[in-house]
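Novice: entry_12.txt is reproduced in full below (compact mmCIF, C-alpha atoms).
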```
# COMPACT_ATOMS: atom_id res chain seq x y z
CA MET I 254 -3.51 -11.87 -4.87
CA SER I 255 -3.85 -15.00 -6.92
CA ALA I 256 -4.19 -15.31 -10.66
CA HIS I 257 -7.62 -15.82 -12.21
CA GLY I 258 -7.30 -19.37 -13.45
CA GLY I 259 -9.09 -22.50 -12.30
CA ASP I 260 -12.60 -22.81 -10.96
CA TRP I 261 -12.46 -20.09 -8.31
CA ALA I 262 -12.68 -16.32 -8.60
CA ASN I 263 -10.10 -14.18 -6.82
CA PRO I 264 -11.15 -13.67 -3.15
CA GLY I 265 -8.39 -11.14 -2.46
CA PRO I 266 -10.64 -8.05 -2.27
CA ALA I 267 -12.68 -9.57 0.58
CA GLY I 268 -9.50 -10.52 2.45
CA LEU I 269 -8.07 -7.03 2.09
CA ALA I 270 -11.34 -5.44 3.21
CA ALA I 271 -11.17 -7.63 6.34
CA LEU I 272 -7.59 -6.50 6.85
CA GLY I 273 -8.76 -2.90 6.57
CA VAL I 274 -11.35 -3.49 9.30
CA ALA I 275 -8.67 -4.91 11.61
CA CYS I 276 -6.21 -2.09 10.87
CA PHE I 277 -8.77 0.61 11.57
CA ALA I 278 -9.82 -1.11 14.80
CA PHE I 279 -6.21 -1.24 15.98
CA TYR I 280 -5.71 2.37 14.95
CA ALA I 281 -8.69 3.46 17.03
CA LEU I 282 -7.48 1.47 20.06
CA LEU I 283 -3.78 2.36 19.89
CA SER I 284 -4.40 6.05 19.18
CA GLY I 285 -6.86 6.40 22.07
CA LYS I 286 -9.83 7.16 19.83
CA VAL I 287 -11.77 4.50 21.77
CA SER I 288 -11.45 3.35 25.38
CA GLY I 289 -10.45 -0.07 26.67
CA ASN I 290 -14.14 -0.92 27.00
CA ALA I 291 -14.19 -1.37 23.22
CA ILE I 292 -11.76 -4.31 23.40
CA PRO I 293 -14.34 -7.16 23.55
CA LEU I 294 -16.28 -5.66 20.63
CA MET I 295 -13.06 -5.31 18.69
CA GLY I 296 -12.33 -8.96 19.41
CA LEU I 297 -15.64 -9.97 17.84
CA TRP I 298 -14.89 -7.94 14.70
CA LEU I 299 -11.52 -9.69 14.43
CA LEU I 300 -13.22 -13.08 14.70
CA GLY I 301 -15.43 -12.08 11.76
CA GLY I 302 -12.30 -11.19 9.81
CA PHE I 303 -10.87 -14.61 10.64
CA VAL I 304 -13.71 -16.34 8.76
CA ILE I 305 -13.07 -14.26 5.64
CA GLN I 306 -9.29 -14.48 5.68
CA LEU I 307 -9.26 -18.22 6.31
CA ALA I 308 -11.42 -18.74 3.23
CA VAL I 309 -9.25 -16.37 1.23
CA GLY I 310 -6.05 -18.11 2.28
CA LEU I 311 -7.32 -21.54 1.30
CA ILE I 312 -8.60 -20.36 -2.08
CA GLU I 313 -5.35 -18.49 -2.76
CA LEU I 314 -3.42 -21.71 -2.08
CA LYS I 315 -5.76 -23.61 -4.43
CA GLU I 316 -4.98 -20.96 -7.06
CA ASN I 317 -1.26 -21.74 -6.51
CA SER I 318 -0.51 -18.40 -4.84
CA LEU I 319 2.19 -19.33 -2.31
CA SER I 320 2.73 -15.86 -0.88
CA GLY I 321 -0.92 -14.78 -0.91
CA GLY I 322 -2.23 -18.02 0.54
CA ASN I 323 0.31 -18.19 3.34
CA ILE I 324 0.05 -14.56 4.41
CA PHE I 325 -3.76 -14.76 4.61
CA LEU I 326 -3.55 -17.99 6.62
CA LEU I 327 -1.03 -16.38 8.99
CA PHE I 328 -3.20 -13.31 9.41
CA SER I 329 -6.41 -15.31 9.83
CA GLY I 330 -4.93 -17.59 12.50
CA PHE I 331 -2.96 -15.16 14.65
CA PHE I 332 -3.85 -11.56 13.83
CA MET I 333 -7.57 -12.31 13.59
CA PHE I 334 -8.61 -15.51 15.43
CA THR I 335 -6.08 -15.63 18.28
CA THR I 336 -6.06 -11.88 18.85
CA GLY I 337 -9.86 -11.71 18.72
CA LEU I 338 -10.27 -14.48 21.30
CA SER I 339 -7.47 -12.99 23.40
CA PHE I 340 -9.19 -9.61 23.56
CA VAL I 341 -12.48 -11.14 24.65
CA PHE I 342 -10.77 -13.40 27.22
CA LYS I 343 -8.57 -10.63 28.65
CA TYR I 344 -11.56 -8.37 29.14
CA TYR I 345 -13.46 -11.15 30.90
CA ALA I 346 -10.41 -11.96 33.03
CA ALA I 347 -10.16 -8.33 34.08
CA THR I 348 -13.79 -8.32 35.23
CA GLN I 349 -13.04 -11.40 37.34
CA GLY I 350 -9.87 -9.96 38.81
CA TRP I 351 -7.65 -12.62 37.27
CA ALA I 352 -3.95 -11.76 36.98
CA LEU I 353 -2.57 -12.45 33.50
CA ASP I 354 1.01 -11.91 32.36
CA ALA I 355 0.23 -10.32 28.98
CA ARG I 356 3.93 -10.15 28.11
CA ILE I 357 3.48 -13.58 26.52
CA ASP I 358 1.79 -11.70 23.66
CA GLY I 359 4.99 -9.78 23.09
CA TRP I 360 7.05 -12.97 22.96
CA VAL I 361 4.89 -14.56 20.27
CA TRP I 362 4.71 -11.24 18.41
CA ILE I 363 8.49 -11.51 17.97
CA ILE I 364 7.90 -14.42 15.57
CA LEU I 365 5.04 -12.64 13.80
CA TRP I 366 7.16 -9.49 13.45
CA VAL I 367 10.20 -11.35 12.08
CA THR I 368 8.04 -13.51 9.79
CA VAL I 369 6.31 -10.51 8.24
CA TRP I 370 9.65 -8.78 7.70
CA LEU I 371 11.27 -11.86 6.15
CA TRP I 372 8.26 -12.58 3.91
CA THR I 373 7.92 -9.00 2.68
CA PRO I 374 10.31 -9.35 -0.32
CA ALA I 375 8.00 -12.09 -1.66
CA PHE I 376 5.43 -9.33 -2.31
CA PHE I 377 7.72 -6.96 -4.23
CA ASP I 378 6.32 -8.33 -7.49
CA ARG I 379 2.91 -6.90 -6.57
CA PRO I 380 1.62 -3.42 -7.50
CA LEU I 381 3.08 -0.45 -5.65
CA VAL I 382 -0.05 0.20 -3.53
CA PHE I 383 0.05 -3.37 -2.22
CA VAL I 384 3.77 -3.13 -1.41
CA LEU I 385 3.26 0.14 0.49
CA MET I 386 0.48 -1.54 2.49
CA VAL I 387 2.79 -4.39 3.46
CA LEU I 388 5.60 -1.99 4.38
CA SER I 389 3.20 -0.05 6.62
CA ILE I 390 2.38 -3.27 8.47
CA CYS I 391 6.14 -3.89 8.76
CA VAL I 392 6.46 -0.55 10.57
CA ALA I 393 3.67 -1.39 13.01
CA CYS I 394 4.76 -4.92 14.00
CA PRO I 395 7.93 -4.18 16.02
CA PHE I 396 6.27 -1.40 18.00
CA ILE I 397 3.28 -3.59 18.94
CA CYS I 398 5.69 -6.36 19.94
CA LEU I 399 7.95 -4.14 22.06
CA ILE I 400 5.01 -2.41 23.76
CA ASP I 401 3.52 -5.81 24.70
CA LEU I 402 6.91 -6.89 26.06
CA GLY I 403 7.12 -3.75 28.17
CA VAL I 404 10.30 -2.61 26.42
CA LEU I 405 8.51 0.49 25.11
CA ASP I 406 5.83 2.39 26.97
CA HIS I 407 2.40 3.15 25.52
CA GLY I 408 3.56 6.60 24.50
CA TYR I 409 4.92 4.94 21.38
CA ALA I 410 1.53 3.47 20.45
CA LYS I 411 0.71 6.29 18.04
CA ILE I 412 3.47 5.11 15.68
CA PRO I 413 1.93 1.67 14.98
CA ALA I 414 -1.52 3.27 15.12
CA ASN I 415 -0.74 5.63 12.25
CA ALA I 416 1.10 2.90 10.31
CA LEU I 417 -1.98 0.66 10.57
CA LEU I 418 -4.25 3.54 9.54
CA ILE I 419 -2.16 3.85 6.37
CA ALA I 420 -2.13 0.07 5.84
CA GLY I 421 -5.90 -0.17 6.29
CA SER I 422 -6.52 2.70 3.88
CA LEU I 423 -4.21 1.26 1.22
CA GLY I 424 -5.67 -2.23 1.66
CA THR I 425 -9.21 -0.94 1.24
CA TYR I 426 -8.21 1.00 -1.87
CA PHE I 427 -6.41 -1.99 -3.35
CA ALA I 428 -9.42 -4.22 -2.64
CA ALA I 429 -11.66 -1.78 -4.51
CA ALA I 430 -9.17 -1.62 -7.39
CA GLY I 431 -9.04 -5.41 -7.60
CA MET I 432 -12.82 -5.62 -7.71
CA LEU I 433 -13.44 -2.81 -10.21
CA ASN I 434 -10.43 -3.31 -12.50
CA THR I 435 -11.12 -7.02 -12.83
CA THR I 436 -14.85 -6.59 -13.35
CA TYR I 437 -14.46 -4.04 -16.14
CA GLY I 438 -11.23 -5.40 -17.62
CA ARG I 439 -9.48 -2.04 -17.50
CA THR I 440 -7.93 0.37 -15.03
CA ILE I 441 -10.61 2.11 -13.00
CA LEU I 442 -8.45 2.67 -9.93
CA PRO I 443 -4.68 2.74 -10.62
CA VAL I 444 -2.46 0.76 -8.24
CA GLY I 445 0.97 1.35 -9.75
CA LYS I 446 3.48 -0.95 -11.35
CA PRO I 447 5.15 -3.88 -9.59
CA VAL I 448 8.26 -2.93 -7.64
CA VAL I 449 10.01 -6.03 -9.01
CA LYS I 450 8.88 -7.60 -12.28
CA HIS I 451 7.96 -11.27 -11.93
CA ASN I 452 5.78 -13.56 -14.02
CA THR I 453 4.22 -15.61 -11.20
CA HIS I 454 1.28 -13.31 -10.47
CA ALA I 455 -1.22 -11.58 -12.70
CA VAL I 456 -0.96 -7.86 -12.02
CA GLU I 457 -4.05 -5.66 -11.87
CA SER I 458 -3.02 -2.08 -12.68
```
Could you write out this file's structure as structure tokens?

Specialist:
Amino acid sequence: MSAHGGDWANPGPAGLAALGVACFAFYALLSGKVSGNAIPLMGLWLLGGFVIQLAVGLIELKENSLSGGNIFLLFSGFFMFTTGLSFVFKYYAATQGWALDARIDGWVWIILWVTVWLWTPAFFDRPLVFVLMVLSICVACPFICLIDLGVLDHGYAKIPANALLIAGSLGTYFAAAGMLNTTYGRTILPVGKPVVKHNTHAVES
């Protein structure tokens, strides 16, 4: 998350809470905790997350946080907005009997998967809890991609489901730590030391 200079407060906790909502929704869907009838409602929740993460991404960029701003913009545009609309549209298409080749989702997920993997080292200067959250998302991405492509069957869905459950839990914890530690100026919730020391970001520990 961005440093605390300039005219804006750090919006990272709201963005991470929105990420937690998305991760838990995907966990419930991929693990079979909810049926396919929940998909349009899930899409609407993702669209709500898009609003938050778009704002967070823009403010992070204003605060000169290259990695934070870009990852929130990527998540807001594709993981939240596009996926949310896609869920609503696919459900409507199914009710109308329209045939859609959903493998296109897998093809575009290749880029999202590779991008997240290649960007991950840019977050190694963040606290350990944040890094573990990102690594959990890295585990989930290839499985979601390969399932959408039809390379893997849905029996593998529990792997990304559990990875996203971990990511959502860690993101929610880190959001709370960012809010409380910053408000009180001391460690209320520990988040660990940075994996790699770097002076670009202010670390909340």

Novice: Could you give me, as a ChimeraX atom specification, the residues within 12 Å of Gly289 in chain I, counting only C-alpha atoms and dropping anything in the same chain fewer than 4 positions from it?

Specialist: /I:278-279,281-285,293-296,340-341,343-344,347

Novice: Give the answer as one residue: which of I:Tyr345, I:Trp362, I:Phe325, I:Trp298 has the shortest atom-to-atom distance to Gly265 in chain I, using all atoms listed in the file?

Specialist: I:Phe325

Novice: Identify the residues within 9 Å of coordinate (2.3, -3.7, 20.2) (same frame as the file), considering all atoms listed in the file, and give the answer as a VMD selection string.

Specialist: chain I and resid 283 358 to 359 362 393 to 402 405 407 410 413

Novice: One decimal, in Å: what's the spacing between CA of Asn290 in chain I and CA of Thr425 in chain I?

Specialist: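 If I compute the distance from CA of Asn290 in chain I to CA of Thr425 in chain I, I get 26.2 Å.
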
Novice: Which residue is closest to Cys391 in chain I? Choose from I:Phe342, I:Phe427, I:Trp370, I:Phe376 and count all atoms listed in the file.

Specialist: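 Counting all atoms listed in the file, the residue closest to Cys391 in chain I is I:Trp370.
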
Novice: Between I:Gly445, I:Gly322, I:Gly421, I:Gly431, which one has atoms that come closest to Tyr280 in chain I, using all atoms listed in the file?

Specialist: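 Between I:Gly445, I:Gly322, I:Gly421, I:Gly431, the residue approaching Tyr280 in chain I most closely is I:Gly421.
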
Novice: Could you list, as an mmCIF file with C-alpha atoms, in the frame of the given file, every residue within 9 Å of Val309 in chain I, counting all atoms listed in the file and ignoring same-chain residues fewer than 5 positions away?

Specialist:
```
data_model
loop_
_atom_site.group_PDB
_atom_site.id
_atom_site.type_symbol
_atom_site.label_atom_id
_atom_site.label_comp_id
_atom_site.auth_asym_id
_atom_site.auth_seq_id
_atom_site.Cartn_x
_atom_site.Cartn_y
_atom_site.Cartn_z
ATOM 1 C CA ASN I 263 -10.100 -14.180 -6.820
ATOM 2 C CA PRO I 264 -11.150 -13.670 -3.150
ATOM 3 C CA GLY I 265 -8.390 -11.140 -2.460
ATOM 4 C CA ALA I 267 -12.680 -9.570 0.580
ATOM 5 C CA GLY I 268 -9.500 -10.520 2.450
ATOM 6 C CA VAL I 304 -13.710 -16.340 8.760
ATOM 7 C CA LEU I 314 -3.420 -21.710 -2.080
ATOM 8 C CA GLY I 321 -0.920 -14.780 -0.910
ATOM 9 C CA GLY I 322 -2.230 -18.020 0.540
ATOM 10 C CA PHE I 325 -3.760 -14.760 4.610
ATOM 11 C CA LEU I 326 -3.550 -17.990 6.620
#
```

Novice: Interatomic distance between CA of Ile364 in chain I and CA of Phe332 in chain I?

Specialist: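 So the answer is 12.2 Å.
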